[in-house]
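Next comes coords.txt, a file with compact mmCIF, C-alpha atoms.
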```
# COMPACT_ATOMS: atom_id res chain seq x y z
CA MET V 1 -7.12 -5.21 -24.35
CA ALA V 2 -5.62 -8.54 -23.37
CA PRO V 3 -2.44 -8.21 -21.33
CA GLY V 4 0.82 -9.13 -22.96
CA ALA V 5 3.37 -11.39 -21.34
CA VAL V 6 5.72 -9.59 -18.99
CA THR V 7 9.13 -11.20 -19.22
CA ARG V 8 11.78 -11.86 -16.62
CA GLU V 9 14.10 -9.41 -18.34
CA GLN V 10 11.53 -6.58 -18.02
CA LEU V 11 11.36 -6.92 -14.23
CA ALA V 12 14.84 -8.19 -13.37
CA SER V 13 16.34 -4.85 -12.35
CA ALA V 14 13.28 -3.91 -10.28
CA ALA V 15 13.37 -7.26 -8.49
CA ARG V 16 17.05 -6.80 -7.65
CA ALA V 17 16.41 -3.29 -6.34
CA ALA V 18 13.45 -4.43 -4.25
CA LEU V 19 14.86 -7.67 -2.82
CA GLY V 20 18.63 -7.23 -3.16
CA GLY V 21 21.01 -9.45 -1.25
CA GLY V 22 22.71 -10.77 -4.38
CA ARG V 23 19.52 -12.47 -5.50
CA ARG V 24 18.66 -12.95 -9.16
CA LEU V 25 15.16 -13.05 -10.62
CA GLU V 26 14.51 -16.59 -11.79
CA ARG V 27 10.97 -16.36 -13.15
CA VAL V 28 7.82 -14.23 -13.39
CA GLU V 29 4.37 -15.75 -12.86
CA ARG V 30 1.09 -14.02 -13.62
CA VAL V 31 -1.25 -14.05 -10.63
CA ALA V 32 -4.89 -14.63 -11.53
CA GLY V 33 -7.58 -12.10 -10.72
CA GLY V 34 -6.32 -8.70 -11.85
CA SER V 35 -8.57 -6.93 -14.35
CA LYS V 36 -7.26 -3.33 -14.10
CA LYS V 37 -3.56 -3.87 -13.45
CA GLY V 38 -1.01 -6.59 -14.00
CA VAL V 39 -0.21 -8.69 -10.93
CA TYR V 40 2.93 -10.85 -11.10
CA ARG V 41 4.79 -13.05 -8.65
CA LEU V 42 8.55 -12.56 -8.77
CA VAL V 43 10.48 -15.69 -7.83
CA MET V 44 14.16 -15.20 -7.02
CA ASP V 45 16.89 -17.83 -7.36
CA ASP V 46 16.83 -18.46 -3.58
CA ALA V 47 13.01 -18.93 -3.61
CA THR V 48 12.37 -15.47 -2.10
CA THR V 49 9.20 -14.04 -3.65
CA ALA V 50 7.42 -10.72 -4.02
CA ILE V 51 4.46 -9.36 -5.95
CA ALA V 52 4.76 -6.77 -8.72
CA TYR V 53 1.86 -4.46 -9.59
CA LEU V 54 1.94 -2.88 -13.05
CA TRP V 55 -0.44 -0.05 -13.95
CA ASP V 56 -0.25 -0.17 -17.72
CA ASP V 57 -2.96 0.24 -20.35
CA ALA V 58 -1.89 -3.11 -21.77
CA GLU V 59 -2.78 -4.75 -18.44
CA ASN V 60 -6.31 -3.32 -18.22
CA TYR V 61 -9.16 -5.49 -19.52
CA TRP V 62 -11.81 -2.80 -19.04
CA PRO V 63 -12.98 -0.86 -22.11
CA ALA V 64 -11.99 2.79 -21.84
CA GLY V 65 -14.81 5.13 -20.81
CA LYS V 66 -15.35 8.86 -20.76
CA GLY V 67 -14.03 10.38 -17.53
CA ASP V 68 -11.98 7.34 -16.53
CA ASP V 69 -9.05 9.60 -15.66
CA ASP V 70 -11.09 12.11 -13.64
CA LEU V 71 -10.09 11.43 -10.04
CA THR V 72 -12.70 13.88 -8.75
CA ASP V 73 -15.28 11.21 -9.59
CA PRO V 74 -15.20 8.90 -6.55
CA PHE V 75 -16.17 5.96 -8.77
CA SER V 76 -13.73 6.53 -11.61
CA PRO V 77 -11.45 3.50 -12.05
CA GLY V 78 -8.90 3.07 -9.28
CA LEU V 79 -5.85 3.12 -11.53
CA GLY V 80 -2.32 4.18 -10.88
CA LEU V 81 0.53 4.38 -8.47
CA ASP V 82 -0.59 7.66 -6.86
CA LEU V 83 -3.91 6.15 -5.77
CA PHE V 84 -2.17 3.04 -4.50
CA GLU V 85 0.34 4.98 -2.41
CA ALA V 86 -2.30 7.29 -0.92
CA ALA V 87 -4.55 4.35 -0.04
CA HIS V 88 -1.67 2.31 1.37
CA GLY V 89 -0.52 5.19 3.55
CA ARG V 90 -3.99 5.88 4.91
CA LEU V 91 -4.75 2.24 5.75
CA ASP V 92 -1.33 1.67 7.27
CA ALA V 93 -1.77 4.75 9.47
CA LEU V 94 -5.09 3.33 10.68
CA GLY V 95 -3.47 0.02 11.60
CA VAL V 96 -5.15 -1.88 8.79
CA ARG V 97 -2.85 -4.59 7.46
CA VAL V 98 -1.77 -4.10 3.85
CA PRO V 99 1.10 -5.75 1.94
CA ALA V 100 4.40 -4.09 2.83
CA ILE V 101 5.92 -2.03 0.01
CA ARG V 102 9.37 -3.16 -1.16
CA LEU V 103 9.83 -0.75 -4.08
CA VAL V 104 7.97 2.04 -5.86
CA ASP V 105 9.06 3.07 -9.35
CA ARG V 106 7.22 6.16 -10.57
CA ASP V 107 10.00 7.53 -12.78
CA GLY V 108 10.43 4.62 -15.17
CA ALA V 109 13.80 3.60 -13.76
CA HIS V 110 12.89 -0.09 -14.04
CA HIS V 111 9.75 -0.21 -16.19
CA PRO V 112 7.93 2.38 -18.33
CA ALA V 113 4.61 1.74 -16.55
CA GLY V 114 3.82 2.61 -12.94
CA LEU V 115 5.32 -0.17 -10.85
CA ALA V 116 5.21 -1.22 -7.21
CA ILE V 117 6.70 -4.33 -5.65
CA VAL V 118 5.12 -5.53 -2.44
CA GLU V 119 5.28 -8.35 0.05
CA ASP V 120 4.03 -11.72 -1.23
CA LEU V 121 1.39 -13.30 1.00
CA ARG V 122 1.30 -16.92 -0.08
CA GLY V 123 -1.63 -18.04 2.08
CA GLU V 124 -5.31 -18.27 1.26
CA SER V 125 -7.72 -15.50 0.54
CA LEU V 126 -10.53 -15.02 3.01
CA GLU V 127 -12.88 -16.32 0.33
CA GLU V 128 -10.94 -19.59 0.10
CA LEU V 129 -10.68 -19.94 3.88
CA LEU V 130 -14.42 -19.37 4.38
CA ALA V 131 -15.18 -22.06 1.82
CA ARG V 132 -12.68 -24.53 3.27
CA ASP V 133 -13.14 -24.03 7.01
CA PRO V 134 -15.62 -21.43 8.32
CA GLY V 135 -14.54 -22.17 11.89
CA ALA V 136 -10.93 -21.34 11.12
CA ALA V 137 -12.11 -18.17 9.38
CA ALA V 138 -13.94 -16.89 12.49
CA PRO V 139 -10.93 -15.18 14.16
CA VAL V 140 -9.93 -13.66 10.81
CA MET V 141 -13.44 -12.26 10.43
CA ALA V 142 -13.23 -10.83 13.95
CA ARG V 143 -9.97 -9.06 13.09
CA LEU V 144 -11.48 -7.83 9.83
CA GLY V 145 -14.29 -6.35 11.91
CA GLU V 146 -11.70 -4.51 13.98
CA ALA V 147 -10.08 -3.16 10.82
CA LEU V 148 -13.45 -1.99 9.55
CA GLU V 149 -14.09 -0.26 12.88
CA ALA V 150 -10.78 1.61 12.55
CA MET V 151 -11.77 2.70 9.04
CA ARG V 152 -15.28 3.64 10.12
CA SER V 153 -13.99 5.73 13.01
CA HIS V 154 -11.67 7.85 10.86
CA ARG V 155 -13.81 10.69 9.49
CA ALA V 156 -13.43 13.40 6.90
CA SER V 157 -15.67 16.38 6.15
CA ALA V 158 -15.49 15.70 2.40
CA TYR V 159 -16.13 12.61 0.30
CA GLY V 160 -14.06 11.22 -2.56
CA LYS V 161 -10.92 9.28 -3.27
CA VAL V 162 -8.44 9.38 -0.41
CA ALA V 163 -5.77 10.71 -2.76
CA VAL V 164 -8.06 13.62 -3.71
CA VAL V 165 -9.49 14.49 -0.29
CA ASP V 166 -6.19 14.22 1.59
CA ARG V 167 -4.62 16.83 -0.67
CA GLY V 168 -7.53 19.22 -0.13
CA GLU V 169 -9.25 18.89 -3.50
CA ARG V 170 -13.00 18.75 -4.09
CA SER V 171 -14.88 15.82 -5.62
CA GLN V 172 -17.76 15.94 -8.06
CA GLY V 173 -21.36 16.38 -6.99
CA THR V 174 -22.90 17.55 -3.74
CA SER V 175 -23.48 14.31 -1.80
CA CYS V 176 -22.65 10.62 -1.75
CA GLU V 177 -26.26 9.68 -2.42
CA GLY V 178 -26.37 12.06 -5.38
CA ILE V 179 -23.21 10.57 -6.86
CA VAL V 180 -24.62 7.07 -6.34
CA LEU V 181 -27.95 7.96 -7.96
CA ASP V 182 -26.27 9.44 -11.03
CA ARG V 183 -24.04 6.40 -11.37
CA ALA V 184 -26.94 3.99 -10.87
CA LEU V 185 -28.96 5.72 -13.61
CA ARG V 186 -26.00 5.35 -15.98
CA ASP V 187 -25.64 1.69 -15.03
CA LEU V 188 -29.36 1.19 -15.56
CA ALA V 189 -29.19 2.70 -19.03
CA GLU V 190 -26.16 0.61 -19.92
CA ALA V 191 -27.68 -2.62 -18.60
CA ALA V 192 -30.97 -1.88 -20.38
CA SER V 193 -29.10 -1.52 -23.67
CA ARG V 194 -27.64 -4.99 -23.23
CA ASP V 195 -30.45 -7.03 -21.70
CA PRO V 196 -34.17 -6.92 -22.59
CA ARG V 197 -35.27 -7.87 -19.07
CA ILE V 198 -33.69 -4.74 -17.63
CA ALA V 199 -35.02 -2.72 -20.56
CA SER V 200 -38.59 -3.83 -19.84
CA ALA V 201 -38.25 -2.90 -16.16
CA ARG V 202 -36.26 0.28 -16.72
CA ASP V 203 -39.04 2.71 -15.77
CA ARG V 204 -39.79 0.85 -12.53
CA LEU V 205 -36.10 0.63 -11.64
CA GLU V 206 -35.55 4.33 -12.31
CA GLU V 207 -38.58 5.33 -10.27
CA ARG V 208 -37.42 3.15 -7.38
CA LEU V 209 -33.93 4.66 -7.46
CA ARG V 210 -35.33 8.20 -7.36
CA VAL V 211 -37.74 7.42 -4.52
CA LEU V 212 -34.98 5.80 -2.45
CA ALA V 213 -32.57 8.69 -3.08
CA ALA V 214 -35.21 11.27 -2.09
CA ALA V 215 -35.59 9.59 1.32
CA VAL V 216 -31.90 9.99 2.24
CA LEU V 217 -31.13 12.82 4.65
CA PRO V 218 -27.97 14.96 4.31
CA ARG V 219 -24.73 13.92 5.97
CA ALA V 220 -21.60 15.98 6.68
CA GLU V 221 -18.99 13.36 7.67
CA TYR V 222 -17.62 10.38 5.80
CA ALA V 223 -15.67 7.28 6.74
CA VAL V 224 -12.82 5.43 5.04
CA VAL V 225 -14.18 2.66 2.80
CA HIS V 226 -12.39 0.20 0.56
CA GLY V 227 -15.28 0.17 -1.91
CA GLU V 228 -14.89 -3.39 -3.18
CA LEU V 229 -14.03 -5.29 -0.02
CA GLY V 230 -15.11 -8.74 -1.10
CA PRO V 231 -13.48 -11.80 0.50
CA ASP V 232 -11.30 -12.17 -2.61
CA HIS V 233 -9.76 -8.79 -1.76
CA VAL V 234 -8.71 -9.94 1.70
CA LEU V 235 -5.70 -12.23 2.07
CA VAL V 236 -4.81 -14.05 5.27
CA ASP V 237 -1.22 -13.79 6.49
CA ALA V 238 0.74 -16.40 8.44
CA GLY V 239 -0.50 -14.93 11.73
CA GLY V 240 -4.15 -15.18 10.74
CA ASN V 241 -4.50 -11.46 10.08
CA PRO V 242 -6.67 -10.10 7.26
CA VAL V 243 -4.69 -8.16 4.65
CA ALA V 244 -6.51 -5.75 2.33
CA ILE V 245 -5.49 -5.77 -1.34
CA ASP V 246 -6.74 -4.01 -4.49
CA ILE V 247 -6.90 -0.84 -2.45
CA GLU V 248 -6.61 1.84 -5.15
CA GLY V 249 -10.32 2.67 -4.94
CA LEU V 250 -10.08 3.64 -1.25
CA MET V 251 -12.25 6.67 -0.52
CA TYR V 252 -14.04 8.70 2.09
CA PHE V 253 -17.69 7.83 1.63
CA ASP V 254 -20.83 6.62 3.35
CA VAL V 255 -19.94 3.54 5.40
CA GLU V 256 -23.22 1.99 4.22
CA TRP V 257 -21.68 1.60 0.76
CA GLU V 258 -19.02 -0.71 2.22
CA HIS V 259 -21.51 -2.76 4.22
CA VAL V 260 -23.87 -3.29 1.29
CA PHE V 261 -20.96 -4.63 -0.76
CA LEU V 262 -19.82 -6.86 2.10
CA LYS V 263 -23.34 -8.22 2.53
CA ILE V 264 -23.67 -8.94 -1.19
CA ARG V 265 -20.35 -10.73 -1.37
CA LEU V 266 -20.43 -12.60 1.96
CA ASP V 267 -24.16 -13.41 2.22
CA ASP V 268 -24.72 -15.32 5.50
CA ALA V 269 -21.02 -15.04 6.40
CA TYR V 270 -21.49 -11.27 6.70
CA ARG V 271 -23.10 -11.53 10.17
CA PRO V 272 -19.88 -11.09 12.23
CA LEU V 273 -19.22 -7.81 10.41
CA ALA V 274 -22.68 -6.30 10.87
CA VAL V 275 -22.83 -3.12 12.96
CA ASP V 276 -25.57 -1.04 14.53
CA GLY V 277 -26.43 2.49 13.55
CA LEU V 278 -26.29 2.25 9.77
CA ASP V 279 -28.76 4.41 7.83
CA GLU V 280 -31.55 2.19 6.49
CA ASP V 281 -32.45 4.63 3.70
CA ARG V 282 -28.88 4.65 2.43
CA LEU V 283 -28.68 0.87 2.68
CA ALA V 284 -31.78 0.50 0.52
CA LEU V 285 -30.56 2.92 -2.16
CA TYR V 286 -27.07 1.48 -2.21
CA MET V 287 -28.30 -2.11 -2.45
CA LEU V 288 -30.24 -1.42 -5.65
CA ALA V 289 -27.42 0.75 -7.02
CA GLN V 290 -24.83 -1.96 -6.43
CA ARG V 291 -27.02 -4.65 -7.99
CA LEU V 292 -27.24 -2.51 -11.12
CA SER V 293 -23.49 -1.82 -11.05
CA LEU V 294 -22.76 -5.54 -10.71
CA THR V 295 -24.95 -6.13 -13.74
CA ALA V 296 -23.72 -3.37 -16.01
CA GLY V 297 -20.03 -3.66 -15.09
CA PRO V 298 -19.59 -7.36 -15.93
CA LEU V 299 -21.61 -6.95 -19.14
CA ARG V 300 -19.31 -4.08 -20.12
CA LEU V 301 -16.23 -6.17 -19.33
CA LEU V 302 -17.56 -8.92 -21.59
CA ASP V 303 -17.44 -6.48 -24.51
CA GLY V 304 -13.68 -7.00 -24.41
CA ASP V 305 -11.52 -10.10 -24.18
CA PHE V 306 -11.65 -10.81 -20.45
CA PRO V 307 -10.65 -14.50 -20.18
CA ASP V 308 -12.98 -15.89 -17.50
CA ARG V 309 -16.15 -15.10 -19.41
CA ALA V 310 -18.48 -17.64 -17.81
CA PHE V 311 -17.63 -16.37 -14.32
CA MET V 312 -18.29 -12.76 -15.30
CA ALA V 313 -21.52 -13.67 -17.07
CA ASP V 314 -22.71 -15.48 -13.94
CA ILE V 315 -22.08 -12.35 -11.83
CA ALA V 316 -24.11 -10.24 -14.24
CA GLU V 317 -26.98 -12.73 -14.39
CA TYR V 318 -27.22 -13.19 -10.63
CA ASN V 319 -27.23 -9.48 -9.89
CA LEU V 320 -29.64 -8.73 -12.72
CA LYS V 321 -32.17 -11.08 -11.12
CA GLN V 322 -31.55 -9.56 -7.69
CA ALA V 323 -32.14 -6.06 -9.07
CA LEU V 324 -35.40 -7.11 -10.66
CA ASP V 325 -36.52 -8.75 -7.40
CA LEU V 326 -36.15 -5.37 -5.66
CA VAL V 327 -38.85 -3.81 -7.88
CA ARG V 328 -41.08 -6.83 -8.29
CA ALA V 329 -44.53 -6.25 -6.81
```

Show me this structure written as structure tokens.
Amino acid sequence: MAPGAVTREQLASAARAALGGGRRLERVERVAGGSKKGVYRLVMDDATTAIAYLWDDAENYWPAGKGDDDLTDPFSPGLGLDLFEAAHGRLDALGVRVPAIRLVDRDGAHHPAGLAIVEDLRGESLEELLARDPGAAAPVMARLGEALEAMRSHRASAYGKVAVVDRGERSQGTSCEGIVLDRALRDLAEAASRDPRIASARDRLEERLRVLAAAVLPRAEYAVVHGELGPDHVLVDAGGNPVAIDIEGLMYFDVEWEHVFLKIRLDDAYRPLAVDGLDEDRLALYMLAQRLSLTAGPLRLLDGDFPDRAFMADIAEYNLKQALDLVRA
């Protein structure tokens, strides 16, 4: 569903409660990039700004799927205020910079949807900084490495969404690698139904997934991972610190999952974040699984009315070719 236009009147009372000081909300600007929630910049009459997050079905471009609301699935969509607050609290406790919360409205006092207002970071994303000036990005990457180390060092004896594990609940499945294999097989089936090249290689891809999963040895501890920590999900504040955003998917999981995603998204720029001691068998399984996810997911999104269609199609095409390369003799 395409998001509707959120008006100034709909967010005026929330903006006053969050920013106060006699300020009045002057305008609301949609911020590009959100596909699961609405992201809006609130501009007050004295030029003070903040960001509003709205978790509303009308703001979600993704087609609804079976089990989307099952939080015991670590990979179910990261939607909602509860997931955001749990993730924000965990990262903040670990010393990982996240936007400061100005207001949380879970009772509909200001808007019928789940609403949070947070600090507005007006600088570049890490993605933009890396493209503009890799040298200037180097200290930011070093600090991001420190944040990742803090996340990697915090362990739990169970895997799953932070909001689920921290309240003592159990997630689906019996292992991270098992969850990943099941998800990858679903992504493979979905991609095969949409593209004949994947369909023709489906048996080889499935066999490769099962062989890779069988090689993974059991693990009993899990680290904090963002899950989709691309450079577009890291902002840079005025002090040159990396700031994690889109954090609702935060989970306890195999740290290799995070590093495969970082490597895919950063390519050669990943080197400063590389660490020793990662499990090569998990890395191999998770690389193929993520290539299939980054094929099937964008193709699924294109079933709806997501606006930047060429960009999403390019992501699917690139990762489709990368997946096929992994099983090419």

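Atom to atom, atom CA of Lys161 of chain V and atom CA of Gly78 of chain V stand 8.9 Å apart.
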
Under the rule of at most 9 Å, produce a per-residue listing of segment 37-77 of chain V near segment 10-21 of chain V: chain, number, name, the closest pair of atoms, and the distance in Å, as a tab-separated table, using only C-alpha atoms.
```
residue	atom	partner	partner_atom	distance
V:Leu42	CA	V:Ala15	CA	7.2
V:Val43	CA	V:Ala15	CA	8.9
V:Met44	CA	V:Ala15	CA	8.1
V:Thr48	CA	V:Leu19	CA	8.2
V:Thr49	CA	V:Leu19	CA	8.6
V:Ala50	CA	V:Leu19	CA	8.1
V:Ala52	CA	V:Leu11	CA	8.6
```

Spatial sel., origin (-28.8, 2.7, 5.2), limit 12 Å, only C-alpha atoms, listed as a list in words: Glu177, Leu212, Ala213, Ala215, Val216, Leu217, Arg219, Asp254, Val255, Glu256, Trp257, Glu258, His259, Val260, Val275, Asp276, Gly277, Leu278, Asp279, Glu280, Asp281, Arg282, Leu283, Ala284, Leu285, Tyr286, Met287 and Leu288 of chain V

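With all atoms listed in the file taken into account, every residue lying no more than 8 Å from the file point (-18.3, -10.0, -0.8) is included here: Glu228, Leu229, Gly230, Pro231, Asp232, Phe261, Leu262, Lys263, Ile264, Arg265, Leu266 and Asp267 of chain V.
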
9 Å contact set for Pro77 of chain V, only C-alpha atoms, chain neighbours under 4 positions out, as a count of residues only: 8

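The spacing separating atom CA of Ile315 of chain V from atom CA of Gly297 of chain V amounts to 9.5 Å.
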
Spatial neighbours of Leu144 of chain V, 10 Å, all atoms listed in the file, chain gap at least 6 places, as a ChimeraX atom specification: /V:96-97,126,138,150,234,241-244,272-273

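For the residues V:Leu121, V:Cys176, V:Leu79, V:Met141, ranking by smallest atom-to-atom distance to Val98 of chain V using all atoms listed in the file places V:Leu121 first.
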
Please provide as an mmCIF file with C-alpha atoms, in the coordinates of the input all residues within 7 Å of Tyr252 of chain V, with the sequence filter that same-chain residues fewer than 2 positions apart are discarded (counting all atoms listed in the file).
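Saved file selection_29.cif follows:
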```
data_model
loop_
_atom_site.group_PDB
_atom_site.id
_atom_site.type_symbol
_atom_site.label_atom_id
_atom_site.label_comp_id
_atom_site.auth_asym_id
_atom_site.auth_seq_id
_atom_site.Cartn_x
_atom_site.Cartn_y
_atom_site.Cartn_z
ATOM 1 C CA ALA V 156 -13.430 13.400 6.900
ATOM 2 C CA TYR V 159 -16.130 12.610 0.300
ATOM 3 C CA GLY V 160 -14.060 11.220 -2.560
ATOM 4 C CA LYS V 161 -10.920 9.280 -3.270
ATOM 5 C CA VAL V 162 -8.440 9.380 -0.410
ATOM 6 C CA TYR V 222 -17.620 10.380 5.800
ATOM 7 C CA ALA V 223 -15.670 7.280 6.740
ATOM 8 C CA VAL V 224 -12.820 5.430 5.040
ATOM 9 C CA VAL V 225 -14.180 2.660 2.800
#
```

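Distance-wise, atom CA of Ala192 of chain V and atom CA of Arg208 of chain V end up 15.4 Å apart.
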
Residue with smallest distance to Ala147 of chain V - pool V:Leu320, V:Leu25, V:Leu94, V:Ile101, counting only C-alpha atoms: V:Leu94

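For the set V:Ala274, V:Ala296, V:Ala269, V:Ala116, the residue with the smallest atom-to-atom gap to Pro134 of chain V is V:Ala269, counting all atoms listed in the file.
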
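Using all atoms listed in the file, the smallest distance between any of V:Glu29, V:Asp246, V:Glu190, V:Asp107 and Arg300 of chain V comes from V:Glu190.
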